[in-house]
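First the structure, in the form of C-alpha cells, and then the observations on it.
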Amino acid sequence: MPAITLPDGTVRAFEGPVAGTAIAAAIGPGLARAALAMQVDGVTRDLDTVVAQDAAVRFITRRDPEALEMIRHDCAHVLAEAVQALFPGTQVTIGPSIEHGFYYDFAHNEPFTPDDFAQIEAKMREIVARDAPFRRSVMPREEAITFFEAKGEKYKAQLIRDLPTTEEISLYSQGDWIDLCRGPHLRGTGDIGTAFKLMKVAGAYWRGDHRNAMLTRIYGTAWRDKAELDAYLTQLEEAEKRDHRRIGREMGLFHLQEEAVGSVFWHPKGWALYRVIEDYMRRRLDRTDYQEVKTPQLVDRRLWEASGHWEKFREHMFIARVEDEDERDRVLALKPMNCPCHVQIFNQGLRSYRELPLRMAEFGCCHRYEPSGALHGIMRVRAFTQDDAHIFCTEAQIADETVRFVALLSSIYRDFGFVEFRVKFSDRPATRAGEDAVWDQAEGALRDACRIAGVDYVLNPGEGAFYGPKLEFVLRDAIGRDWQCGTLQVDFVLPERLGAEYVAEDGTRQRPVMLHRAILGSFERFIGILIEQHAGRFPLWLAPVQAVVTTIVSDADDYARQVAAAMQQAGLRVALDLRNEKINRKVVDHIDQRVPVLAVVGRREAEEGTVVLRRLPGREQTALPLAEAVAHLAAEAAPPDLARGRAVAEAGFSP
C-alpha cells in the first residue's frame, strides 16, 4: 500500500502498485491532462511508470525545465524515424538532447544537406500529429543485439555490446518505430508540439574517433511553443550580427591564420583593448592585496606528474623533448595552467601563518591542445592568458576569502557592463584526486563559505575540478546568452601533493588550503564576449579608438593636428582623419568602424578654437571650446575604478 508524498506535503495512499497516470488522475482531471512525466524520489520517470512503494512524487508539466529537455530528447527520436522513413537503409547511431536542442548521427551512403531539411521537417510534423505513445520495453542483451542486427542497425548492436553487463537493455517504441534508449520520454509524440526546426549538418566520427567511420550529424532546436522558438531564432540572428570574428575583422582588432592555429595575432587596436583590460585588472588586484608573479612557460614533466596534471591533462599538453648537457632526454611541457608553478613560489623559504592569506596572481600565458574542429575565433584557442590567482590560506580563512572574492568579482563584472550573473556549485567528479574524506571537507568548507558570503547557487553535479569543488560564475549578456567566466575552487589536494606547508601559531607544520580563482577566465575569451556584448560599440573607456579628429575642409588640417595632440596629451586614444573626402562619407566610415566620438573641425572651429563632438552612431553633436571638450572626454573616458577614486578624492576623502 504505497504512500505517495506530493510537493505540498500531502500524502495519498493507494491500495497497491500504482502508475503515475493513476496518481495524477486521483489528484484531479486538470493535472491528469497537464502531466507529461513525473519525478519519483527526485528521478525523472515516464508517466506510466508503476510506483510500488512509498515515494515522493512530483509531476512535470510543459512549463517545467525538465519538460524542455524531454521535448528535445523526444524530438531526436522523431527526427530519426523521419530520416529512416524518407531514406531507407539509413542507420541511426546516437541522438541526445543538448543545450537549445538535439542532434542525431546517421550512417548514410550520401551525406545529408540542408536541402533535405524541408522534407524531413514535414515528415517529423506528420509523426508528431500521429501522437503515437512512447512505450518502454526491456529485452535480454543477446536478443536485443540480434534484434538490431536483423534490422541492419550494426551501430545500435555495438552500443549494446559496449554497455556494462549489469545494464538493463531498454527500448522505446513510437508506433512501429523502435530505438535503443534509457528514457524517460513524454506520453507520446504529440507532446513534442511543433516548435522545432532543423538547423545544420556536420560530419561526426563514430564515437568521436577519427579512425572510425564518418557519420552525418543533423542538429535541430526545439522549444515548448512557437514564441520560445521565435525568440531563440531572433537571438541567433542577433548573435550573428554580433559575431566577434566578423566584428574583429571589420574593426581591425585581430586575425587568425593557419600558420599559428589557435593563436591570436593582435593588431594595434586589438592590443590597445587588451592592454586597457589588463591595466584595469592589475589596478584592481594591486588594491586588494594580490602579489603579481611570473612563472616559466616550459616546465619539466616531473612537476606535472607530481601535481597529477600529467595523468589528467597529458593529451592537452604541447610537449618539447630536449637533450640536456648530461645527454639525457628531458621532456618539457608548455604549461596548460599556472597552479603548480605558484606552489613552487610558495615553497621557496619557510612560510609563517602570519603571511596567510597569501594572494598570488599572474597574467599567465598558457597553452592547451584543442582539436581544430573545437576552435572558435578567440573564444576557444590553444594559446591564451588567464587572469589567474591562487590564495594560500587556512581552512578558517576560506569564508572570508570567498566574501572578498565575490565582492571583487561582482564589482569587476559591473564595470564591464554585466549586471547579472548566477553561480553553479560543481561537486566531486567521478575521476578525481584525493580521498572522499578530503572531498567532504572541501565541499563542506565551500558550502559554508557560500552561506556566509550570501551566495545562492544551483548544484552542478560531478563537474568539479579533479582536485576540488568549485563555484562557476555565469554571466548573462545583452541578448540573453550565458557565459561561464569566473571560478573559485577549494583545493586540499595540490598542497599535499607538492609539499606546501607553513609554520602554524603553535609551531607545527601545516598544509595551506589553496583557492584557485579567476574572474575573466582568459583575456582572449573575455574580449570575445565583450565584443559580442557591445556589438563592437564599446563604452568610451574600453574603445580601442576613443575619438577620431576629422576635418570638413583641408584648411583646418593644422588645427585638427593640434586637437588630436591635445587629446592624446590628456590620455585619450585618438586617430586623425585628414582624407580629402566629404564629411558625410567620413561619418559613415567611422560608424562602420564603431568609433564612439567624432571630433569635427572646419574653418570656423579653427578660428574660434572650438571642436564639434558628435556621438556615433547617432546625430547628437555639441560645440565646445577645445580645452573644455578635451577635459569632458578625458573625464568620461576614465576607467570606472579611476573615476570612482577621483570622485572619492573630490569629495574630500583619500581614495
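If you're wondering about the labels, chains in the C-alpha cells are A, B, ... by order shown, residues count from 1 in each chain, ligands from 1 in order shown.
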Neighbour list for region 205-207 of chain A as a ChimeraX atom specification, cut-off 10 Å, only C-alpha atoms, skip fewer than 6 positions in-chain:
/A:93-94,105-107,155,159,213-217
Selected residues, C-alpha atoms, written as a short mmCIF file (atom, residue, chain, number, x, y, z; two decimals), in the first residue's frame, please.
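Resulting contents of selection.cif:
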```
data_model
loop_
_atom_site.label_atom_id
_atom_site.label_comp_id
_atom_site.auth_asym_id
_atom_site.auth_seq_id
_atom_site.Cartn_x
_atom_site.Cartn_y
_atom_site.Cartn_z
CA THR A 93 23.51 5.78 -34.00
CA ILE A 94 23.09 8.23 -31.08
CA ASP A 105 24.10 10.93 -36.05
CA PHE A 106 23.26 8.92 -39.16
CA ALA A 107 25.18 6.45 -41.31
CA TYR A 155 25.80 0.68 -34.62
CA LEU A 159 26.26 0.17 -28.42
CA ALA A 213 33.52 5.88 -39.99
CA MET A 214 32.35 9.41 -40.73
CA LEU A 215 28.67 9.96 -39.96
CA THR A 216 26.31 12.82 -40.75
CA ARG A 217 25.04 14.77 -37.75
#
```
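Ranking A:Gln344, A:Thr288, A:Gln568, A:Ser352 by their shortest atom-to-atom distance to Leu303 (chain A), with only C-alpha atoms included, puts A:Gln344 first.
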Check region 190-344 of chain A with DSSP on the backbone and list each residue it calls alpha helix (DSSP H), as a PyMOL selection string.
chain A and resi 226-241+244-251+268-286+301-307+309-313+339-344
Using DSSP on the backbone coordinates, identify the residues of region 534-636 of chain A assigned to strand (DSSP E or B); present them as a list in words.
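Output for region 534-636 of chain A, strand (DSSP E or B) only: Ala547, Val548, Val549, Thr550, Thr551, Val574, Ala575, Leu576, Asp577, Val597, Leu598, Ala599, Val600, Val601, Thr610, Val611, Val612, Leu613, Arg614, Arg615, Gln621, Thr622, Ala623, Leu624 and Pro625 of chain A.
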Please provide the set of residues having any atom within 9 Å of Ile398 (chain A), restricted to only C-alpha atoms, with same-chain residues fewer than 2 positions apart removed, written as a PyMOL selection string.
chain A and resi 393-396+400-403+445-446+448-449+490+513+515
